[in-house]
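K.L.:
So I've got this file, input_25.tsv, and it contains TSV, C-alpha atoms:
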chain	number	residue	atom	x	y	z
A	86	THR	CA	-69.36	-109.27	-0.63
A	87	ALA	CA	-71.60	-110.50	-3.45
A	88	ASN	CA	-69.95	-108.18	-5.95
A	89	PRO	CA	-66.76	-106.65	-4.47
A	90	ALA	CA	-65.91	-105.03	-7.78
A	91	THR	CA	-68.73	-102.51	-7.24
A	92	TRP	CA	-67.32	-101.06	-3.98
A	93	ASN	CA	-63.56	-101.56	-4.13
A	94	PRO	CA	-62.09	-98.02	-3.80
A	95	THR	CA	-59.00	-99.04	-5.75
A	96	ALA	CA	-60.93	-100.28	-8.76
A	97	ASN	CA	-60.13	-97.00	-10.51
A	98	PRO	CA	-57.54	-95.15	-8.46
A	99	ALA	CA	-57.10	-92.48	-11.08
A	100	THR	CA	-60.60	-91.13	-10.35
A	101	TRP	CA	-60.16	-90.60	-6.64
A	102	SER	CA	-56.45	-90.37	-5.78
A	103	PRO	CA	-55.61	-86.93	-4.27
A	104	SER	CA	-52.29	-87.06	-6.09
A	105	ALA	CA	-53.85	-87.61	-9.49
A	106	ASN	CA	-53.48	-83.92	-10.25
A	107	PRO	CA	-50.86	-82.49	-7.85
A	108	VAL	CA	-50.86	-79.15	-9.61
A	109	THR	CA	-54.40	-78.45	-8.45
A	110	SER	CA	-54.02	-80.15	-5.04
A	111	TRP	CA	-55.23	-77.50	-2.58
A	112	PRO	CA	-52.44	-77.58	0.07
A	113	THR	CA	-49.84	-76.25	-2.38
A	114	ALA	CA	-51.99	-74.66	-5.04
A	115	ASN	CA	-51.41	-71.10	-3.82
A	116	PRO	CA	-48.60	-70.89	-1.23
A	117	VAL	CA	-48.81	-67.12	-1.16
A	118	THR	CA	-52.31	-67.21	0.29
A	119	SER	CA	-51.89	-70.34	2.43
A	120	SER	CA	-48.61	-69.50	4.17
A	121	PRO	CA	-48.28	-66.41	6.36
A	122	THR	CA	-44.49	-66.39	6.07
A	123	VAL	CA	-43.88	-66.42	2.35
A	124	GLN	CA	-44.44	-62.68	1.99
A	125	PRO	CA	-41.79	-60.88	4.08
A	126	PRO	CA	-41.80	-57.12	4.69
A	127	THR	CA	-41.38	-55.24	1.44
A	128	SER	CA	-38.02	-53.79	2.48
A	129	MET	CA	-36.45	-57.21	2.97
A	130	SER	CA	-35.46	-59.98	0.63
A	131	PRO	CA	-36.45	-63.56	1.57
A	132	THR	CA	-33.66	-66.07	2.09
A	133	ALA	CA	-33.35	-69.64	3.35
A	134	SER	CA	-36.41	-70.94	5.21
A	135	ASN	CA	-38.22	-67.64	4.63
A	136	ARG	CA	-35.78	-65.75	6.80
A	137	ALA	CA	-35.33	-62.06	6.11
A	138	CYS	CA	-31.69	-61.34	6.92
A	139	VAL	CA	-30.88	-59.28	3.84
A	140	VAL	CA	-32.28	-55.81	3.31
A	141	SER	CA	-32.39	-54.45	-0.21
A	142	GLY	CA	-32.17	-50.80	0.86
A	143	GLY	CA	-30.92	-48.87	3.85
A	144	LEU	CA	-30.87	-50.28	7.39
A	145	SER	CA	-32.24	-47.23	9.18
A	146	GLY	CA	-35.25	-48.24	11.26
A	147	VAL	CA	-35.10	-51.88	10.15
A	148	LYS	CA	-35.58	-54.54	12.81
A	149	PRO	CA	-33.16	-57.50	12.79
A	150	GLY	CA	-34.61	-60.41	10.84
A	151	CYS	CA	-32.28	-63.25	11.87
A	152	LYS	CA	-30.91	-64.54	15.15
A	153	PHE	CA	-28.29	-66.84	16.68
A	154	GLU	CA	-28.45	-68.01	20.29
A	155	GLY	CA	-25.37	-69.31	22.07
A	156	SER	CA	-25.09	-71.41	25.20
A	157	SER	CA	-22.77	-69.17	27.25
A	158	ASN	CA	-24.50	-66.58	29.46
A	159	ASN	CA	-27.60	-66.74	27.25
A	160	PHE	CA	-25.74	-64.88	24.54
A	161	GLY	CA	-27.83	-63.91	21.54
A	162	VAL	CA	-27.20	-61.87	18.40
A	163	GLU	CA	-29.78	-60.56	15.96
A	164	TRP	CA	-28.95	-58.85	12.70
A	165	ALA	CA	-30.03	-57.32	9.42
A	166	ILE	CA	-27.54	-56.85	6.61
A	167	ASN	CA	-27.24	-55.27	3.17
A	168	SER	CA	-24.43	-55.03	0.63
A	169	THR	CA	-22.42	-52.47	2.64
A	170	HIS	CA	-23.44	-52.57	6.34
A	171	ILE	CA	-24.68	-54.84	9.11
A	172	PHE	CA	-26.95	-53.84	11.99
A	173	VAL	CA	-26.33	-55.94	15.10
A	174	LYS	CA	-28.19	-56.37	18.37
A	175	ALA	CA	-26.18	-58.51	20.82
A	176	SER	CA	-27.11	-59.39	24.39
A	177	ALA	CA	-26.11	-61.63	27.28
A	178	SER	CA	-27.08	-62.32	30.88
A	179	THR	CA	-24.53	-60.00	32.41
A	180	THR	CA	-24.28	-56.57	33.99
A	181	GLY	CA	-20.93	-55.92	32.30
A	182	TYR	CA	-19.65	-56.06	28.75
A	183	VAL	CA	-20.95	-57.97	25.73
A	184	GLY	CA	-18.89	-58.56	22.62
A	185	MET	CA	-18.73	-60.47	19.36
A	186	GLY	CA	-15.89	-60.85	16.91
A	187	TRP	CA	-15.01	-62.23	13.52
A	188	GLY	CA	-12.34	-64.94	13.60
A	189	LYS	CA	-11.66	-68.55	14.60
A	190	SER	CA	-10.03	-67.49	17.87
A	191	MET	CA	-9.10	-64.31	19.71
A	192	PRO	CA	-5.63	-63.82	18.19
A	193	GLY	CA	-6.04	-62.28	14.74
A	194	SER	CA	-9.72	-61.42	15.10
A	195	PHE	CA	-11.61	-58.13	15.19
A	196	ALA	CA	-14.59	-57.41	17.39
A	197	VAL	CA	-17.13	-54.95	18.73
A	198	LEU	CA	-17.49	-54.80	22.52
A	199	GLY	CA	-19.71	-52.63	24.64
A	200	TRP	CA	-21.02	-51.91	28.11
A	201	CYS	CA	-23.05	-49.20	29.77
A	202	VAL	CA	-23.34	-47.53	33.16
A	203	GLY	CA	-26.55	-45.55	33.47
A	204	SER	CA	-26.78	-43.32	30.42
A	205	THR	CA	-23.06	-43.67	29.66
A	206	ARG	CA	-22.23	-46.20	26.97
A	207	ASN	CA	-18.92	-47.47	25.64
A	208	ILE	CA	-19.14	-49.39	22.35
A	209	GLN	CA	-16.05	-49.64	20.18
A	210	GLU	CA	-14.26	-51.70	17.57
A	211	TYR	CA	-11.31	-53.72	18.80
A	212	SER	CA	-8.38	-55.43	17.14
A	213	ILE	CA	-7.32	-58.57	19.02
A	214	SER	CA	-3.75	-59.86	18.85
A	215	SER	CA	-3.65	-62.23	21.84
A	216	ARG	CA	-5.81	-63.85	24.52
A	217	SER	CA	-4.76	-61.34	27.18
A	218	VAL	CA	-6.47	-58.04	27.94
A	219	ALA	CA	-3.29	-56.29	26.78
A	220	GLY	CA	-3.83	-57.77	23.33
A	221	VAL	CA	-7.32	-56.24	22.95
A	222	SER	CA	-6.72	-52.85	21.33
A	223	ALA	CA	-9.49	-50.25	21.02
A	224	GLN	CA	-9.93	-48.81	17.53
A	225	GLY	CA	-12.55	-46.22	18.44
A	226	TRP	CA	-16.23	-45.89	17.65
A	227	SER	CA	-16.17	-43.37	14.78
A	228	ARG	CA	-16.97	-46.03	12.15
A	229	LEU	CA	-19.93	-47.30	14.15
A	230	SER	CA	-23.35	-45.65	14.14
A	231	LYS	CA	-26.85	-46.30	15.55
A	232	ILE	CA	-25.09	-47.09	18.84
A	233	SER	CA	-27.23	-48.11	21.81
A	234	CYS	CA	-26.66	-49.86	25.12
A	235	THR	CA	-29.19	-50.87	27.75
A	236	GLU	CA	-28.92	-52.82	30.99
A	237	ALA	CA	-32.03	-54.24	32.62
A	238	ASP	CA	-33.00	-57.31	34.64
A	239	GLY	CA	-29.43	-58.60	34.68
A	240	LYS	CA	-29.08	-58.37	30.91
A	241	THR	CA	-26.88	-56.12	28.79
A	242	THR	CA	-27.86	-55.37	25.19
A	243	ILE	CA	-25.76	-53.43	22.69
A	244	GLU	CA	-26.75	-52.28	19.21
A	245	PHE	CA	-24.61	-50.88	16.43
A	246	LEU	CA	-24.44	-50.34	12.68
A	247	ARG	CA	-21.07	-51.32	11.19
A	248	PRO	CA	-19.71	-51.19	7.64
A	249	LEU	CA	-18.80	-54.65	6.33
A	250	SER	CA	-15.34	-53.24	5.68
A	251	THR	CA	-13.37	-51.02	8.07
A	252	PRO	CA	-9.62	-50.62	8.65
A	253	THR	CA	-10.06	-52.94	11.64
A	254	GLY	CA	-11.49	-55.84	9.62
A	255	THR	CA	-13.57	-56.88	6.62
A	256	PHE	CA	-16.08	-59.66	5.99
A	257	ASP	CA	-18.40	-60.53	3.10
A	258	LEU	CA	-22.17	-60.60	2.91
A	259	SER	CA	-22.20	-64.21	1.70
A	260	GLY	CA	-20.65	-67.37	3.07
A	261	SER	CA	-20.20	-68.85	6.52
A	262	HIS	CA	-18.16	-66.83	9.02
A	263	ASP	CA	-16.30	-67.89	12.15
A	264	ILE	CA	-17.65	-65.89	15.08
A	265	ILE	CA	-16.46	-65.59	18.66
A	266	TYR	CA	-18.48	-64.05	21.46
A	267	ALA	CA	-17.97	-63.26	25.13
A	268	SER	CA	-19.43	-61.43	28.11
A	269	HIS	CA	-18.32	-60.54	31.62
A	270	ASP	CA	-19.76	-58.80	34.67
A	271	THR	CA	-17.41	-55.79	34.63
A	272	ASP	CA	-17.96	-52.45	32.87
A	273	SER	CA	-14.47	-52.48	31.38
A	274	LEU	CA	-12.17	-54.83	29.53
A	275	ALA	CA	-11.46	-57.85	31.71
A	276	ALA	CA	-10.55	-61.49	31.23
A	277	HIS	CA	-13.64	-63.68	30.96
A	278	SER	CA	-13.99	-67.18	32.35
A	279	SER	CA	-14.32	-70.37	30.33
A	280	SER	CA	-18.10	-70.30	30.84
A	281	GLU	CA	-18.46	-66.78	29.42
A	282	TYR	CA	-17.40	-67.26	25.81
A	283	GLY	CA	-18.33	-69.30	22.79
A	284	LYS	CA	-17.77	-69.85	19.08
A	285	ALA	CA	-20.16	-70.16	16.17
A	286	LYS	CA	-20.44	-70.30	12.41
A	287	ILE	CA	-22.92	-67.81	11.00
A	288	ASN	CA	-24.05	-67.11	7.45
A	289	PHE	CA	-25.35	-63.56	7.74
A	290	GLU	CA	-27.01	-63.77	4.34
A	291	SER	CA	-29.01	-66.97	4.74
A	292	GLY	CA	-29.40	-66.96	8.52
A	293	GLU	CA	-27.91	-70.44	8.89
A	294	SER	CA	-25.91	-70.76	12.11
A	295	GLU	CA	-24.48	-73.32	14.49
A	296	GLU	CA	-22.49	-73.31	17.71
A	297	VAL	CA	-18.96	-74.67	17.43
A	298	GLU	CA	-17.73	-76.91	20.22
A	299	GLU	CA	-14.03	-76.14	20.36
A	300	ILE	CA	-11.70	-75.63	23.29
A	301	ASP	CA	-9.31	-73.37	21.39
A	302	TYR	CA	-10.61	-69.83	21.76
Go ahead and express the file in the form of structure tokens.

P.N.:
Amino acid sequence: TANPATWNPTANPATWSPSANPVTSWPTANPVTSSPTVQPPTSMSPTASNRACVVSGGLSGVKPGCKFEGSSNNFGVEWAINSTHIFVKASASTTGYVGMGWGKSMPGSFAVLGWCVGSTRNIQEYSISSRSVAGVSAQGWSRLSKISCTEADGKTTIEFLRPLSTPTGTFDLSGSHDIIYASHDTDSLAAHSSSEYGKAKINFESGESEEVEEIDY
């Protein structure tokens, strides 16, 4: 302590502070080489939080880059999207149908529902006018492609490629969308219970999503 000025580390902070030259500070000097997530696959465009929801070219052979997980029946949906189409992979813990729709509630929404029995699959677009089965009207599958349905270990998974705009319903690439989803243990249209459906808000472009806690379905 005879001469504290000769050892005090703050005597000249500019000569030792790690923030003196933040541009050359090593943790952020070259994020491309230090972060394994900043360089997505070349066919995808990075979005919020380094997600890769948006594909710059075609969707053939592209794996979904973003995902939403709901609380009902372990529902999950993964997707990849471009300016004209969306590829969807939806699943739930059920041996019956799985479906997701665009809308705040069943009446007035449009959806894709599917189920499979062995090698037979049934995946179609539906227009929904009411909460009853009678109000769920099949619109066919001709506008859907890349259709797949599998059932294994008590889980049903459907896949499909859908144009963003069809006569049944249209949605945009950008912005937050109201989504409804449901599943049931029958291989046909049937009324689901209150524990088999849910609602969410999903931005298919950025990957931002959240479950919506609302009773009105």

K.L.:
Excluding same-chain residues fewer than 6 positions from Trp200 of chain A, what lies within 6 Å of it counting all atoms listed in the file, as a ChimeraX atom specification?

P.N.:
/A:181-182,206-207,272

K.L.:
Work out how far apart atom CA of Gly155 of chain A and atom CA of Asp238 of chain A are and give it in Å to one decimal.

P.N.:
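Answer for the atom CA of Gly155 of chain A to atom CA of Asp238 of chain A separation: 19.0 Å.
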
K.L.:
Report, as AutoDock Vina command-line options, the axis-aligned box around all atoms of segment 216-233 of chain A present in the file, extended by 8 Å on each side; give centre and edge lengths in Å to one decimal place.

P.N.:
--center_x -15.3 --center_y -53.6 --center_z 20.0 --size_x 39.9 --size_y 36.5 --size_z 31.8

K.L.:
Provide the atom CA of Thr205 of chain A to atom CA of Gly193 of chain A distance in Å, to one decimal place.

P.N.:
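Computing the Euclidean distance for atom CA of Thr205 of chain A and atom CA of Gly193 of chain A yields 29.3 Å.
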
K.L.:
Write out as a tab-separated table the residues of segment 145-180 of chain A that have any atom within 12 Å of an atom of segment 284-290 of chain A, one row each with the nearest atom pair and its distance in Å to one decimal, counting only C-alpha atoms, sorted by chain and then rising number.

P.N.:
residue	atom	partner	partner_atom	distance
A:Pro149	CA	A:Phe289	CA	11.1
A:Gly150	CA	A:Phe289	CA	10.3
A:Cys151	CA	A:Phe289	CA	8.1
A:Lys152	CA	A:Phe289	CA	9.3
A:Phe153	CA	A:Ile287	CA	7.9
A:Glu154	CA	A:Ala285	CA	9.5
A:Gly155	CA	A:Ala285	CA	7.9
A:Ser156	CA	A:Lys284	CA	9.7
A:Ser157	CA	A:Lys284	CA	9.6
A:Phe160	CA	A:Lys284	CA	10.9
A:Gly161	CA	A:Ala285	CA	11.3
A:Val162	CA	A:Ile287	CA	10.4
A:Glu163	CA	A:Phe289	CA	9.8
A:Trp164	CA	A:Phe289	CA	7.7
A:Ala165	CA	A:Phe289	CA	8.0
A:Ile166	CA	A:Phe289	CA	7.1
A:Asn167	CA	A:Glu290	CA	8.6
A:Ser168	CA	A:Glu290	CA	9.8
A:His170	CA	A:Phe289	CA	11.2
A:Ile171	CA	A:Phe289	CA	8.9
A:Phe172	CA	A:Phe289	CA	10.7
A:Val173	CA	A:Phe289	CA	10.6

K.L.:
Could you take the residues named above and write them with C-alpha atoms, as a tab-separated table (two decimals), in the coordinates of the input?

P.N.:
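Generated file (again-v4.tsv):
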chain	number	residue	atom	x	y	z
A	149	PRO	CA	-33.16	-57.50	12.79
A	150	GLY	CA	-34.61	-60.41	10.84
A	151	CYS	CA	-32.28	-63.25	11.87
A	152	LYS	CA	-30.91	-64.54	15.15
A	153	PHE	CA	-28.29	-66.84	16.68
A	154	GLU	CA	-28.45	-68.01	20.29
A	155	GLY	CA	-25.37	-69.31	22.07
A	156	SER	CA	-25.09	-71.41	25.20
A	157	SER	CA	-22.77	-69.17	27.25
A	160	PHE	CA	-25.74	-64.88	24.54
A	161	GLY	CA	-27.83	-63.91	21.54
A	162	VAL	CA	-27.20	-61.87	18.40
A	163	GLU	CA	-29.78	-60.56	15.96
A	164	TRP	CA	-28.95	-58.85	12.70
A	165	ALA	CA	-30.03	-57.32	9.42
A	166	ILE	CA	-27.54	-56.85	6.61
A	167	ASN	CA	-27.24	-55.27	3.17
A	168	SER	CA	-24.43	-55.03	0.63
A	170	HIS	CA	-23.44	-52.57	6.34
A	171	ILE	CA	-24.68	-54.84	9.11
A	172	PHE	CA	-26.95	-53.84	11.99
A	173	VAL	CA	-26.33	-55.94	15.10

K.L.:
Could you list, as an MDAnalysis selection string, every residue within 7 Å of Gly199 of chain A, counting all atoms listed in the file and ignoring same-chain residues fewer than 3 positions away?

P.N.:
chainID A and resid 182:184 207:209 243

K.L.:
One number please: atom CA of Glu236 of chain A to atom CA of His277 of chain A, in Å, one decimal.

P.N.:
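Separation of atom CA of Glu236 of chain A and atom CA of His277 of chain A: 18.7 Å.
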
K.L.:
May I ask which of the residues A:Leu258, A:Ile265, A:Ile232, A:Cys201 is the closest one to Leu246 of chain A, counting only C-alpha atoms?

P.N.:
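Selected residue with least distance to Leu246 of chain A: A:Ile232.
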
K.L.:
Looking at A:Gly225, A:Ser176, A:Ser212, A:Glu298, which one is nearest to Thr255 of chain A, with distances taken over only C-alpha atoms?

P.N.:
A:Ser212

K.L.:
Pick out the closest residue to Ala276 of chain A from this set: A:Gly239, A:Pro248, A:Gly292, A:Gly220. Count only C-alpha atoms.

P.N.:
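Among the listed residues, the smallest separation from Ala276 of chain A belongs to A:Gly220.
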
K.L.:
Applying 10 Å and all atoms listed in the file, which residues near Lys189 of chain A remain after dropping the ones on its own chain fewer than 2 positions away? List them as a PyMOL selection string.

P.N.:
chain A and resi 186-187+191-194+262-265+284-286+297+299+301-302

K.L.:
For a quick check of understanding, using all atoms listed in the file, which of A:Asn159, A:Thr251, A:Ser268, A:Ser190 has the smallest distance to Trp226 of chain A?

P.N.:
A:Thr251
